[in-house]
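Structure below is target-v5.cif: mmCIF, C-alpha atoms and all ligand atoms.
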```
data_upload
loop_
_atom_site.label_atom_id
_atom_site.label_comp_id
_atom_site.auth_asym_id
_atom_site.auth_seq_id
_atom_site.Cartn_x
_atom_site.Cartn_y
_atom_site.Cartn_z
CA MET B 110 23.16 26.78 -15.29
CA ALA B 111 20.27 24.35 -15.29
CA GLU B 112 20.52 20.92 -16.81
CA LYS B 113 17.70 20.32 -19.35
CA VAL B 114 15.57 17.16 -19.62
CA ASP B 115 12.47 16.27 -21.59
CA TYR B 116 10.85 14.17 -18.89
CA LEU B 117 11.59 14.63 -15.21
CA ILE B 118 10.12 12.21 -12.67
CA ILE B 119 10.27 13.01 -8.96
CA GLY B 120 10.21 9.70 -7.08
CA ASN B 121 11.34 6.26 -8.30
CA GLY B 122 8.64 4.10 -6.76
CA ILE B 123 6.58 1.80 -8.97
CA SER B 124 4.51 4.66 -10.45
CA GLY B 125 7.62 6.62 -11.45
CA LEU B 126 9.29 3.54 -12.89
CA SER B 127 6.30 2.34 -14.89
CA ALA B 128 5.88 5.87 -16.29
CA ALA B 129 9.56 5.93 -17.35
CA ARG B 130 9.14 2.53 -19.01
CA GLU B 131 6.09 3.73 -20.95
CA ILE B 132 7.70 7.03 -21.97
CA ARG B 133 10.67 5.15 -23.39
CA LYS B 134 8.35 2.83 -25.33
CA ASN B 135 6.72 5.80 -27.05
CA ASP B 136 9.66 8.18 -27.29
CA GLU B 137 12.98 6.57 -28.15
CA SER B 138 15.12 9.66 -27.91
CA GLY B 139 13.60 12.03 -25.31
CA SER B 140 15.78 12.40 -22.20
CA ILE B 141 14.33 10.90 -19.00
CA THR B 142 15.59 11.62 -15.48
CA MET B 143 14.24 10.16 -12.23
CA VAL B 144 15.18 11.64 -8.86
CA SER B 145 14.79 9.78 -5.59
CA SER B 146 15.56 10.63 -2.01
CA GLU B 147 16.17 6.92 -1.36
CA PRO B 148 19.57 5.37 -2.09
CA TYR B 149 18.13 2.43 -4.09
CA LEU B 150 16.87 1.79 -7.60
CA THR B 151 13.13 0.99 -7.69
CA TYR B 152 12.40 -1.97 -5.44
CA TYR B 153 9.38 -4.09 -4.50
CA ARG B 154 8.04 -2.12 -1.54
CA VAL B 155 5.29 -4.74 -1.22
CA LYS B 156 7.89 -7.35 -0.19
CA LEU B 157 8.98 -5.37 2.88
CA THR B 158 6.43 -6.94 5.23
CA GLU B 159 7.31 -10.59 4.59
CA CYS B 160 11.02 -9.71 4.80
CA ILE B 161 10.76 -8.66 8.45
CA SER B 162 11.35 -12.32 9.20
CA LYS B 163 13.68 -13.18 6.32
CA ASN B 164 17.23 -12.69 5.24
CA PHE B 165 17.34 -10.90 1.93
CA SER B 166 19.78 -9.21 -0.40
CA LYS B 167 19.16 -5.79 -1.89
CA GLU B 168 19.35 -7.33 -5.39
CA GLU B 169 16.34 -9.59 -4.72
CA PHE B 170 14.27 -6.47 -4.14
CA LEU B 171 15.06 -4.59 -7.34
CA VAL B 172 12.34 -4.41 -9.99
CA ASN B 173 14.95 -3.82 -12.74
CA LYS B 174 18.69 -4.34 -12.56
CA GLU B 175 21.09 -1.40 -13.09
CA ASP B 176 21.73 -2.45 -16.71
CA TRP B 177 18.11 -1.89 -17.65
CA TYR B 178 18.42 1.83 -16.90
CA LYS B 179 21.56 2.09 -19.03
CA GLU B 180 20.02 0.13 -21.91
CA ASN B 181 17.00 2.41 -21.87
CA SER B 182 18.97 5.65 -21.35
CA ILE B 183 17.14 6.52 -18.15
CA ASP B 184 19.16 8.64 -15.74
CA VAL B 185 18.52 8.00 -12.07
CA ILE B 186 19.70 10.45 -9.44
CA LEU B 187 19.64 8.69 -6.06
CA SER B 188 19.89 10.02 -2.49
CA LYS B 189 18.84 13.52 -3.57
CA ILE B 190 15.74 15.38 -2.43
CA VAL B 191 13.87 17.73 -4.73
CA GLU B 192 13.59 20.77 -2.51
CA LYS B 193 11.65 23.16 -4.69
CA VAL B 194 9.60 23.21 -7.88
CA ASP B 195 9.20 26.47 -9.78
CA PHE B 196 6.16 25.63 -11.89
CA ASP B 197 6.26 29.00 -13.72
CA ASN B 198 9.75 28.36 -15.08
CA ASN B 199 9.62 24.53 -15.35
CA LEU B 200 12.53 24.27 -12.94
CA VAL B 201 13.33 22.05 -9.95
CA LYS B 202 16.08 22.48 -7.37
CA LEU B 203 17.74 19.53 -5.66
CA ASP B 204 19.10 19.62 -2.12
CA ASP B 205 22.69 19.91 -3.42
CA GLY B 206 21.76 23.07 -5.34
CA VAL B 207 21.55 21.40 -8.79
CA LEU B 208 18.87 22.90 -11.05
CA ILE B 209 16.97 20.84 -13.62
CA LYS B 210 14.73 22.36 -16.29
CA TYR B 211 12.01 20.04 -17.55
CA ARG B 212 9.64 19.95 -20.49
CA LYS B 213 7.20 17.55 -18.76
CA LEU B 214 7.12 16.78 -15.04
CA LEU B 215 5.72 13.75 -13.20
CA LEU B 216 5.12 14.07 -9.47
CA ALA B 217 5.45 10.52 -8.12
CA MET B 218 6.61 11.23 -4.57
CA GLY B 219 4.53 8.47 -3.01
CA SER B 220 3.44 8.53 0.60
CA ARG B 221 4.69 7.98 4.11
CA PRO B 222 3.22 6.15 7.11
CA PHE B 223 0.61 8.03 9.09
CA ILE B 224 1.73 8.18 12.72
CA PRO B 225 -1.23 9.05 14.99
CA PRO B 226 -0.60 11.65 17.69
CA ILE B 227 0.30 9.13 20.43
CA ALA B 228 2.23 10.49 23.43
CA GLY B 229 5.75 9.02 23.50
CA LYS B 230 5.75 8.03 19.83
CA PHE B 231 9.40 9.14 19.38
CA LYS B 232 10.74 6.67 21.97
CA LYS B 233 13.41 4.18 20.99
CA GLY B 234 11.87 0.97 19.71
CA VAL B 235 8.88 2.57 17.93
CA PHE B 236 8.85 2.08 14.15
CA ALA B 237 6.79 2.30 10.99
CA LEU B 238 7.72 0.36 7.85
CA ARG B 239 7.99 2.19 4.54
CA THR B 240 11.50 1.77 3.15
CA LEU B 241 14.28 -0.78 2.90
CA ARG B 242 16.18 1.32 5.40
CA ASP B 243 13.27 1.08 7.88
CA LEU B 244 13.25 -2.67 7.36
CA ARG B 245 16.90 -3.01 8.35
CA TYR B 246 16.38 -0.97 11.55
CA ILE B 247 13.24 -2.94 12.42
CA GLN B 248 14.90 -6.31 11.85
CA ASP B 249 17.87 -5.33 14.00
CA TYR B 250 15.78 -4.00 16.82
CA PHE B 251 13.07 -6.65 16.95
CA LEU B 252 15.63 -9.44 17.05
CA SER B 253 16.34 -8.69 20.72
CA CYS B 254 12.66 -8.10 21.67
CA LYS B 255 10.59 -10.67 23.51
CA LYS B 256 7.28 -8.91 22.90
CA VAL B 257 6.30 -6.71 19.96
CA THR B 258 3.10 -4.69 19.56
CA VAL B 259 1.53 -3.79 16.23
CA ILE B 260 -0.65 -0.69 16.39
CA GLY B 261 -3.26 -1.08 13.65
CA GLY B 262 -5.05 -4.32 12.80
CA GLY B 263 -5.70 -3.60 9.10
CA LEU B 264 -4.41 -5.84 6.33
CA LEU B 265 -0.83 -4.57 6.44
CA GLY B 266 -0.84 -4.62 10.24
CA LEU B 267 -1.95 -8.26 10.30
CA GLU B 268 0.59 -9.26 7.67
CA ALA B 269 3.34 -7.52 9.64
CA ALA B 270 2.16 -9.18 12.86
CA TRP B 271 2.40 -12.58 11.16
CA SER B 272 5.89 -11.84 9.86
CA ILE B 273 7.05 -10.76 13.34
CA LYS B 274 5.53 -13.93 14.79
CA GLN B 275 7.84 -15.94 12.51
CA LEU B 276 10.71 -14.48 14.57
CA ASN B 277 9.23 -16.30 17.60
CA LYS B 278 8.08 -13.14 19.31
CA GLU B 279 5.00 -12.68 21.43
CA VAL B 280 2.86 -10.37 19.29
CA ASN B 281 0.10 -7.99 20.41
CA ILE B 282 -2.29 -6.42 17.89
CA ILE B 283 -4.11 -3.24 18.83
CA ASN B 284 -7.19 -2.52 16.74
CA ARG B 285 -9.38 0.55 16.94
CA SER B 286 -12.64 -1.02 15.70
CA SER B 287 -14.64 -3.61 17.57
CA TYR B 288 -13.79 -6.35 15.09
CA LEU B 289 -10.84 -7.01 12.75
CA LEU B 290 -10.95 -6.00 9.07
CA SER B 291 -14.26 -4.32 9.69
CA LYS B 292 -14.34 -2.88 6.15
CA GLN B 293 -13.67 -6.18 4.44
CA LEU B 294 -15.51 -8.70 6.63
CA ASP B 295 -18.86 -8.97 8.38
CA GLU B 296 -18.75 -9.47 12.12
CA GLU B 297 -19.36 -13.24 12.02
CA LEU B 298 -16.42 -13.99 9.72
CA SER B 299 -14.23 -11.46 11.49
CA ARG B 300 -14.81 -13.32 14.78
CA LYS B 301 -13.71 -16.54 13.06
CA LEU B 302 -10.54 -14.80 11.90
CA GLU B 303 -9.96 -13.46 15.41
CA LYS B 304 -10.34 -16.94 16.89
CA LYS B 305 -7.86 -18.39 14.43
CA LEU B 306 -5.35 -15.62 15.11
CA LYS B 307 -5.71 -16.17 18.86
CA ASN B 308 -5.11 -19.88 18.31
CA LEU B 309 -1.88 -18.95 16.56
CA GLY B 310 -0.87 -17.12 19.73
CA PHE B 311 -1.62 -13.46 18.92
CA ASN B 312 -2.91 -11.21 21.72
CA ILE B 313 -5.66 -9.08 20.21
CA TYR B 314 -6.98 -5.87 21.75
CA LEU B 315 -10.17 -4.68 20.05
CA ASP B 316 -12.00 -1.39 20.47
CA SER B 317 -8.68 0.00 21.64
CA SER B 318 -6.35 2.74 20.57
CA ALA B 319 -2.84 3.43 21.81
CA GLU B 320 -2.94 6.42 24.12
CA GLU B 321 0.67 6.52 25.23
CA ILE B 322 3.95 4.75 24.51
CA LEU B 323 5.52 4.05 27.90
CA GLY B 324 9.16 3.82 28.98
CA GLU B 325 11.90 6.27 29.95
CA ASN B 326 13.71 6.60 26.62
CA THR B 327 12.99 3.15 25.29
CA VAL B 328 9.52 1.67 24.89
CA ASN B 329 8.49 -0.85 27.54
CA GLY B 330 4.72 -0.69 27.19
CA VAL B 331 1.68 0.79 25.49
CA LYS B 332 -1.15 2.36 27.46
CA LEU B 333 -4.50 1.73 25.77
CA SER B 334 -7.50 4.05 25.64
CA GLY B 335 -9.20 1.80 28.23
CA LYS B 336 -6.14 2.45 30.49
CA GLU B 337 -4.95 -1.15 30.21
CA ILE B 338 -1.16 -1.43 29.86
CA VAL B 339 0.31 -3.82 27.29
CA GLU B 340 3.91 -4.74 28.04
CA THR B 341 6.13 -4.63 24.99
CA ASN B 342 9.76 -4.19 23.92
CA GLY B 343 9.04 -2.91 20.43
CA VAL B 344 6.21 -1.21 18.53
CA LEU B 345 5.31 -1.19 14.85
CA ILE B 346 2.77 1.44 13.84
CA SER B 347 0.58 0.46 10.88
CA SER B 348 -2.12 3.11 10.74
CA GLY B 349 -2.39 4.05 7.09
CA ILE B 350 -0.56 6.51 4.86
CA ARG B 351 -0.38 10.20 3.96
CA SER B 352 0.69 11.46 0.53
CA ASN B 353 4.04 13.29 0.40
CA LEU B 354 2.77 16.80 -0.30
CA ASP B 355 5.47 18.98 1.31
CA LEU B 356 6.97 19.90 -2.05
CA VAL B 357 3.73 21.34 -3.41
CA ARG B 358 2.12 22.93 -0.35
CA GLU B 359 3.09 26.54 -1.05
CA THR B 360 2.48 26.35 -4.81
CA LYS B 361 -0.37 26.86 -7.27
CA LEU B 362 -0.88 23.13 -7.60
CA ASN B 363 -4.27 21.87 -6.45
CA PHE B 364 -4.15 19.24 -3.72
CA ASP B 365 -6.33 17.89 -0.96
CA LYS B 366 -5.56 14.40 0.46
CA GLY B 367 -3.25 14.00 -2.53
CA ILE B 368 -2.38 15.99 -5.66
CA ILE B 369 -5.65 16.34 -7.52
CA VAL B 370 -5.54 14.90 -11.03
CA ASP B 371 -8.16 14.41 -13.75
CA LYS B 372 -8.86 11.07 -15.40
CA HIS B 373 -5.83 11.61 -17.67
CA LEU B 374 -3.71 12.04 -14.50
CA LYS B 375 -3.02 15.69 -15.34
CA THR B 376 -2.81 18.27 -12.56
CA ASN B 377 -4.23 21.79 -12.83
CA LEU B 378 -0.88 23.06 -14.17
CA PRO B 379 0.30 22.59 -17.78
CA ASN B 380 2.82 19.78 -18.41
CA VAL B 381 2.60 18.61 -14.79
CA TYR B 382 1.21 15.14 -14.01
CA ALA B 383 0.90 13.02 -10.86
CA ALA B 384 0.57 9.29 -10.21
CA GLY B 385 0.72 6.68 -7.46
CA ASP B 386 0.33 7.23 -3.72
CA VAL B 387 0.78 11.01 -4.09
CA ALA B 388 -2.14 11.35 -6.52
CA GLU B 389 -5.80 11.79 -5.68
CA VAL B 390 -8.11 10.47 -8.39
CA GLU B 391 -11.86 11.00 -8.04
CA GLY B 392 -11.35 12.05 -4.43
CA VAL B 393 -9.37 8.96 -3.47
CA VAL B 394 -5.70 8.20 -2.82
CA LEU B 395 -5.60 4.47 -3.54
CA GLY B 396 -2.25 3.64 -1.96
CA LEU B 397 -1.87 0.34 -3.82
CA TRP B 398 1.04 -1.11 -5.78
CA THR B 399 -1.18 -2.27 -8.65
CA ALA B 400 -2.81 1.17 -8.92
CA GLY B 401 0.61 2.89 -8.93
CA ASN B 402 1.79 0.56 -11.68
CA GLU B 403 -1.31 1.13 -13.83
CA GLN B 404 -1.35 4.90 -13.26
CA GLY B 405 2.34 5.03 -14.19
CA LYS B 406 1.58 3.33 -17.51
CA ILE B 407 -1.27 5.72 -18.33
CA VAL B 408 0.58 8.85 -17.26
CA GLY B 409 3.78 7.85 -19.10
CA SER B 410 1.77 7.36 -22.25
CA ASN B 411 -0.03 10.68 -21.82
CA MET B 412 3.23 12.54 -21.20
CA THR B 413 4.31 11.47 -24.69
CA GLY B 414 1.14 12.83 -26.28
CA ASP B 415 -1.57 10.20 -25.72
CA ASN B 416 -4.83 10.99 -24.01
CA LYS B 417 -5.57 7.75 -22.12
CA GLU B 418 -8.01 7.59 -19.24
CA TYR B 419 -7.44 5.92 -15.90
CA THR B 420 -10.39 4.01 -14.48
CA THR B 421 -10.34 3.52 -10.73
CA PRO B 422 -10.39 -0.24 -10.03
CA LYS B 423 -12.92 -1.85 -7.74
CA PRO B 424 -10.93 -2.78 -4.64
CA TYR B 425 -10.63 -6.34 -3.33
CA THR B 426 -8.71 -7.90 -0.48
CA SER B 427 -6.92 -11.16 -0.01
CA LEU B 428 -5.05 -12.23 3.07
CA GLU B 429 -2.97 -15.32 3.73
CA ILE B 430 -1.53 -15.82 7.19
CA GLY B 431 -0.23 -19.33 7.76
CA ASP B 432 -3.15 -21.52 6.78
CA ILE B 433 -5.68 -18.71 7.24
CA LYS B 434 -6.88 -17.62 3.83
CA LEU B 435 -9.56 -15.09 3.03
CA PHE B 436 -10.81 -13.00 0.14
CA SER B 437 -13.30 -10.17 0.13
CA ALA B 438 -14.67 -8.01 -2.67
CA GLY B 439 -17.52 -5.63 -3.33
CA ASN B 440 -20.02 -4.43 -0.75
CA VAL B 441 -20.24 -6.84 2.18
CA LYS B 442 -22.11 -4.42 4.41
CA LYS B 443 -25.36 -3.93 2.54
CA SER B 444 -27.48 -6.53 0.75
CA ASP B 445 -31.01 -7.86 0.68
CA LYS B 446 -30.06 -11.54 0.68
CA ILE B 447 -27.00 -13.53 1.75
CA TYR B 448 -26.16 -16.99 0.37
CA GLU B 449 -23.81 -19.09 2.50
CA TYR B 450 -21.69 -22.19 2.28
CA LYS B 451 -20.08 -23.85 5.31
CA GLU B 452 -17.72 -26.81 5.54
CA GLY B 453 -16.80 -27.63 9.13
CA GLU B 454 -15.20 -24.87 11.18
CA ASP B 455 -12.66 -23.86 8.59
CA ILE B 456 -14.52 -22.96 5.43
CA HIS B 457 -17.28 -20.39 5.29
CA HIS B 458 -18.25 -18.40 2.19
CA LYS B 459 -20.85 -15.69 1.74
CA LEU B 460 -22.42 -14.10 -1.33
CA PHE B 461 -24.11 -10.75 -0.77
CA THR B 462 -26.84 -9.96 -3.29
CA THR B 463 -29.07 -7.03 -4.08
CA ASN B 464 -32.11 -7.48 -6.35
CA GLY B 465 -30.73 -10.85 -7.47
CA THR B 466 -27.33 -9.43 -8.46
CA ILE B 467 -24.07 -10.34 -6.70
CA THR B 468 -22.79 -7.15 -5.10
CA GLY B 469 -20.23 -8.55 -2.66
CA GLY B 470 -18.60 -11.73 -1.47
CA ILE B 471 -16.33 -13.24 1.14
CA LEU B 472 -14.42 -16.49 0.80
CA PHE B 473 -13.09 -17.73 4.12
CA GLY B 474 -10.77 -20.72 4.40
CA ASP B 475 -10.54 -21.59 0.71
CA ILE B 476 -9.98 -18.86 -1.84
CA LYS B 477 -9.78 -20.93 -5.04
CA GLU B 478 -12.86 -19.21 -6.47
CA MET B 479 -11.61 -15.68 -5.84
CA PHE B 480 -11.10 -14.66 -9.48
CA LYS B 481 -14.46 -16.07 -10.49
CA LEU B 482 -16.19 -14.29 -7.62
CA ARG B 483 -14.39 -11.02 -8.30
CA LYS B 484 -15.41 -11.16 -11.96
CA ALA B 485 -19.03 -11.93 -11.00
CA ILE B 486 -19.09 -8.84 -8.78
CA LEU B 487 -17.46 -6.62 -11.41
CA ASP B 488 -19.84 -7.91 -14.10
CA GLN B 489 -22.88 -7.56 -11.79
CA THR B 490 -23.74 -11.20 -12.46
CA GLN B 491 -27.16 -12.56 -11.56
CA VAL B 492 -26.81 -14.85 -8.56
CA SER B 493 -28.87 -17.56 -10.33
CA ASP B 494 -26.28 -17.67 -13.15
CA TYR B 495 -23.40 -17.75 -10.68
CA LEU B 496 -24.91 -20.60 -8.69
CA LYS B 497 -25.33 -22.68 -11.85
CA ASP B 498 -21.67 -22.16 -12.70
CA THR B 499 -20.00 -23.02 -9.37
CA ASP B 500 -19.26 -26.27 -7.55
CA ILE B 501 -19.86 -24.56 -4.21
CA GLU B 502 -23.32 -25.36 -2.88
CA PHE B 503 -24.39 -21.97 -1.59
CA LYS B 504 -27.71 -21.91 0.26
C1 LIG L 601 5.23 -2.42 4.01
C2 LIG L 601 4.33 -2.17 2.86
C3 LIG L 601 3.59 -3.21 2.33
C4 LIG L 601 2.73 -2.99 1.24
N1 LIG L 601 2.00 -4.03 0.76
C5 LIG L 601 1.18 -3.82 -0.29
C6 LIG L 601 0.43 -4.89 -0.85
O1 LIG L 601 0.51 -6.03 -0.38
N2 LIG L 601 -0.36 -4.62 -1.93
C7 LIG L 601 -0.45 -3.37 -2.48
O2 LIG L 601 -1.17 -3.18 -3.46
N3 LIG L 601 0.24 -2.34 -1.96
C8 LIG L 601 1.04 -2.52 -0.89
N4 LIG L 601 1.76 -1.48 -0.38
C9 LIG L 601 1.60 -0.14 -0.98
C10 LIG L 601 2.51 0.05 -2.20
O3 LIG L 601 3.81 -0.36 -1.88
C11 LIG L 601 2.48 1.52 -2.62
O4 LIG L 601 1.16 1.84 -3.01
C12 LIG L 601 3.41 1.81 -3.79
O5 LIG L 601 4.71 1.39 -3.54
C13 LIG L 601 3.39 3.32 -4.10
O6 LIG L 601 4.25 3.60 -5.15
P1 LIG L 601 4.58 5.10 -5.56
O7 LIG L 601 5.41 5.02 -6.78
O8 LIG L 601 3.35 5.91 -5.61
O9 LIG L 601 5.40 5.72 -4.35
P2 LIG L 601 6.58 5.22 -3.42
O10 LIG L 601 6.86 3.79 -3.60
O11 LIG L 601 6.29 5.75 -2.08
O12 LIG L 601 7.84 5.99 -4.03
C14 LIG L 601 8.00 7.37 -3.96
C15 LIG L 601 9.47 7.71 -3.90
O13 LIG L 601 9.63 9.12 -4.01
C16 LIG L 601 10.61 9.55 -3.10
N5 LIG L 601 10.42 10.97 -2.82
C17 LIG L 601 9.43 11.56 -2.12
N6 LIG L 601 9.60 12.90 -2.07
C18 LIG L 601 10.73 13.16 -2.78
C19 LIG L 601 11.43 14.35 -3.06
N7 LIG L 601 11.00 15.56 -2.68
N8 LIG L 601 12.59 14.27 -3.79
C20 LIG L 601 13.05 13.06 -4.21
N9 LIG L 601 12.41 11.89 -3.96
C21 LIG L 601 11.26 11.94 -3.25
C22 LIG L 601 10.38 8.64 -1.91
O14 LIG L 601 11.49 8.60 -1.05
C23 LIG L 601 10.12 7.30 -2.58
O15 LIG L 601 11.33 6.63 -2.84
C24 LIG L 601 2.62 -1.68 0.69
C25 LIG L 601 3.37 -0.63 1.22
C26 LIG L 601 4.22 -0.87 2.29
C27 LIG L 601 5.03 0.28 2.84
#
```

For the file at hand, write its structure as structure tokens.
Amino acid sequence: MAEKVDYLIIGNGISGLSAAREIRKNDESGSITMVSSEPYLTYYRVKLTECISKNFSKEEFLVNKEDWYKENSIDVILSKIVEKVDFDNNLVKLDDGVLIKYRKLLLAMGSRPFIPPIAGKFKKGVFALRTLRDLRYIQDYFLSCKKVTVIGGGLLGLEAAWSIKQLNKEVNIINRSSYLLSKQLDEELSRKLEKKLKNLGFNIYLDSSAEEILGENTVNGVKLSGKEIVETNGVLISSGIRSNLDLVRETKLNFDKGIIVDKHLKTNLPNVYAAGDVAEVEGVVLGLWTAGNEQGKIVGSNMTGDNKEYTTPKPYTSLEIGDIKLFSAGNVKKSDKIYEYKEGEDIHHKLFTTNGTITGGILFGDIKEMFKLRKAILDQTQVSDYLKDTDIEFK
């Protein structure tokens, strides 16, 4: 016999949780069940990186305490995998054989780390960070390492490298492109970042990809595409994400990089919605905490009968590593004029403009103006107006 629920949510990441919260706001009595393969209530996944080098308790991580779920009559089934969804009969099957019949279904299964096809990637000492459980293994293992290598020099890779450095390890960063953060920075500012990171003691390998993880059973080195060998005792792979699509592959649900949803976050099947890292909106899987939170709100509301639209946010980046601070937003690759401000070696800002409008910007060294700059880019502000309104003397 199948248990019956009004709202079933697969996944209890931030998108699943914020949907549950919104459903409860709009529907006081409908039954809500969340199922998660992880053993924890929803936690701040975004805190995992900084916690590589910190002691932490599980409680510090939780978004809501256990009482909140009771007070809001939200059932959470932990440590259970949804094995099958029968979309024709509104039925899911858990890995212990339990059947649940739903009225409305939210697919919020999130994503997992993308592990490139590197020879030797299954050797002991090679990790990727996605869950609290991963964090505990990584912390344990890296403690006894002298040298650790991070494969992937994107934002998360750099933040992880910094966190590992706090454990007094020698840290190598392997980056595929010829300069760091090549999407967010121009080459000049990226070189400044690189110099600062080198001064902090990082070994940086640019234009390089990991070809092979070396060592008998346990990693002791990484062979790079240029054949150079980087000695290491541990590896953290930070090469992006892939949506968790296994559950829907052999079904009628439309998916590509993620589950394809319309602007109301509805899939192609009736009463089935998707949000967060598993959802593809306008051809993009955003893979961001803030996006998962916002999509959860919209989808939760729509599952109770609203018809709200999700607007894809304009991305921006901020990074703080020790005293290195930078912010980037908009298009920093194409412009017809660049305005700059420099203060010594440490501060360097750039405004990228097209036809007199601010289309992108980078703040390097001092990010106090980041909200103002972001707003100017979003509002397509005329550069002349922006310059009148800022204390920074751009030239
Ligand atoms: C280390 C790290 C640092 C990050 N830092 C940032 C940051 O600084 N800023 C930012 O914006 N974003 C950051 N992110 C990304 C952000 O955490 C994610 O975008 C967000 O957590 C996605 O939420 P979600 O609800 O879509 O999915 P998830 O949080 O992935 O949750 C999905 C849940 O569903 C479960 N699940 C999957 N399949 C099944 C199944 N079949 N049955 C049952 N349960 C299932 C999963 O186990 C998981 O618990 C970071 C991510 C990581 C890993």

Go through the chains and note each residue within 6 Å of ligand LIG 601 (chain L), using all atoms listed in the file, then give the set as a PyMOL selection string. chain B and resi 119-125+144-147+154-155+157-158+189-192+217-220+238-239+356+385-387+396-399+401

Residues near Val280 of chain B, cut-off 6 Å, only C-alpha atoms, skip fewer than 5 positions along chain, as a PyMOL selection string: chain B and resi 256-258+311

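The coordinates place atom CA of Thr240 of chain B at 27.7 Å from atom CA of Leu200 of chain B.
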
Atom CA of Thr466 of chain B and atom CA of Lys301 of chain B are how many Å apart?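 Between atom CA of Thr466 of chain B and atom CA of Lys301 of chain B the gap works out to 26.4 Å.
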
Take the point (0.5, 16.1, -17.6) in the file's coordinates, draw a sphere of radius 12 Å around it, and report as a ChimeraX atom specification every protein, DNA or RNA residue with an atom inside or on it, counting only C-alpha atoms. /B:116-118,128,212-216,369-384,405,407-417

With all atoms listed in the file as the counted atoms, please give the residues lying no more than 6 Å from Thr468 of chain B, apart from itself and same-chain residues fewer than 5 positions off, as number ranges by chain. B: 439-440, 461-462, 486

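Here atom CA of Val344 of chain B stands at a distance of 14.6 Å from atom CA of Leu276 of chain B.
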
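Closest approach to Ser334 of chain B from the set B:Ile227, B:Gly262, B:Leu354, B:Phe196 is made by B:Ile227, with distances taken over all atoms listed in the file.
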
Around (6.8, 1.4, 24.0) in the file's frame, which residues reach within 8 Å when counting all atoms listed in the file? Return as a list in words? Gly229, Lys230, Lys232, Lys233, Gly234, Val235, Ile322, Leu323, Gly324, Thr327, Val328, Asn329, Gly330, Val331, Glu340, Thr341, Asn342, Gly343 and Val344 of chain B

Centre, x/y/z edge lengths, axis-aligned box for segment 141-158 of chain B with 3 Å per side, as JSON:
```
{"center_x": 12.4, "center_y": 2.1, "center_z": -6.9, "size_x": 20.3, "size_y": 25.0, "size_z": 30.2}
```

If we count only C-alpha atoms, what is near Ala485 of chain B at a cut-off of 12 Å, once residues fewer than 3 positions away on the same chain are taken out, given as a compact mmCIF listing (two decimals) with C-alpha atoms, in the frame of the given file?
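Listing of part24.txt after writing:
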```txt
# COMPACT_ATOMS: atom_id res chain seq x y z
CA ALA B 438 -14.67 -8.01 -2.67
CA GLY B 439 -17.52 -5.63 -3.33
CA LEU B 460 -22.42 -14.10 -1.33
CA PHE B 461 -24.11 -10.75 -0.77
CA THR B 462 -26.84 -9.96 -3.29
CA THR B 466 -27.33 -9.43 -8.46
CA ILE B 467 -24.07 -10.34 -6.70
CA THR B 468 -22.79 -7.15 -5.10
CA GLY B 469 -20.23 -8.55 -2.66
CA GLY B 470 -18.60 -11.73 -1.47
CA GLU B 478 -12.86 -19.21 -6.47
CA MET B 479 -11.61 -15.68 -5.84
CA PHE B 480 -11.10 -14.66 -9.48
CA LYS B 481 -14.46 -16.07 -10.49
CA LEU B 482 -16.19 -14.29 -7.62
CA ASP B 488 -19.84 -7.91 -14.10
CA GLN B 489 -22.88 -7.56 -11.79
CA THR B 490 -23.74 -11.20 -12.46
CA GLN B 491 -27.16 -12.56 -11.56
CA VAL B 492 -26.81 -14.85 -8.56
CA SER B 493 -28.87 -17.56 -10.33
CA ASP B 494 -26.28 -17.67 -13.15
CA TYR B 495 -23.40 -17.75 -10.68
CA LEU B 496 -24.91 -20.60 -8.69
CA ASP B 498 -21.67 -22.16 -12.70
CA THR B 499 -20.00 -23.02 -9.37
```

Residue nearest Ser352 of chain B among B:Gly139, B:Gly261, B:Pro222, B:Gly266 (counting all atoms listed in the file): B:Pro222

Option closest in space to Thr420 of chain B, from B:Leu265, B:Leu289, B:Ala400, B:Leu150 [counting all atoms listed in the file]: B:Ala400

So, with only C-alpha atoms as the atoms that count, which of B:Ser182, B:Asn281, B:Ser127, B:Asn199 lies closest to Gly310 of chain B?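 Of B:Ser182, B:Asn281, B:Ser127, B:Asn199, the one nearest Gly310 of chain B is B:Asn281, counting only C-alpha atoms.
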
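Using only C-alpha atoms, the shortest contact distance between Ser437 of chain B and any of B:Asn181, B:Asn164, B:Thr142, B:Ser291 is found at B:Ser291.
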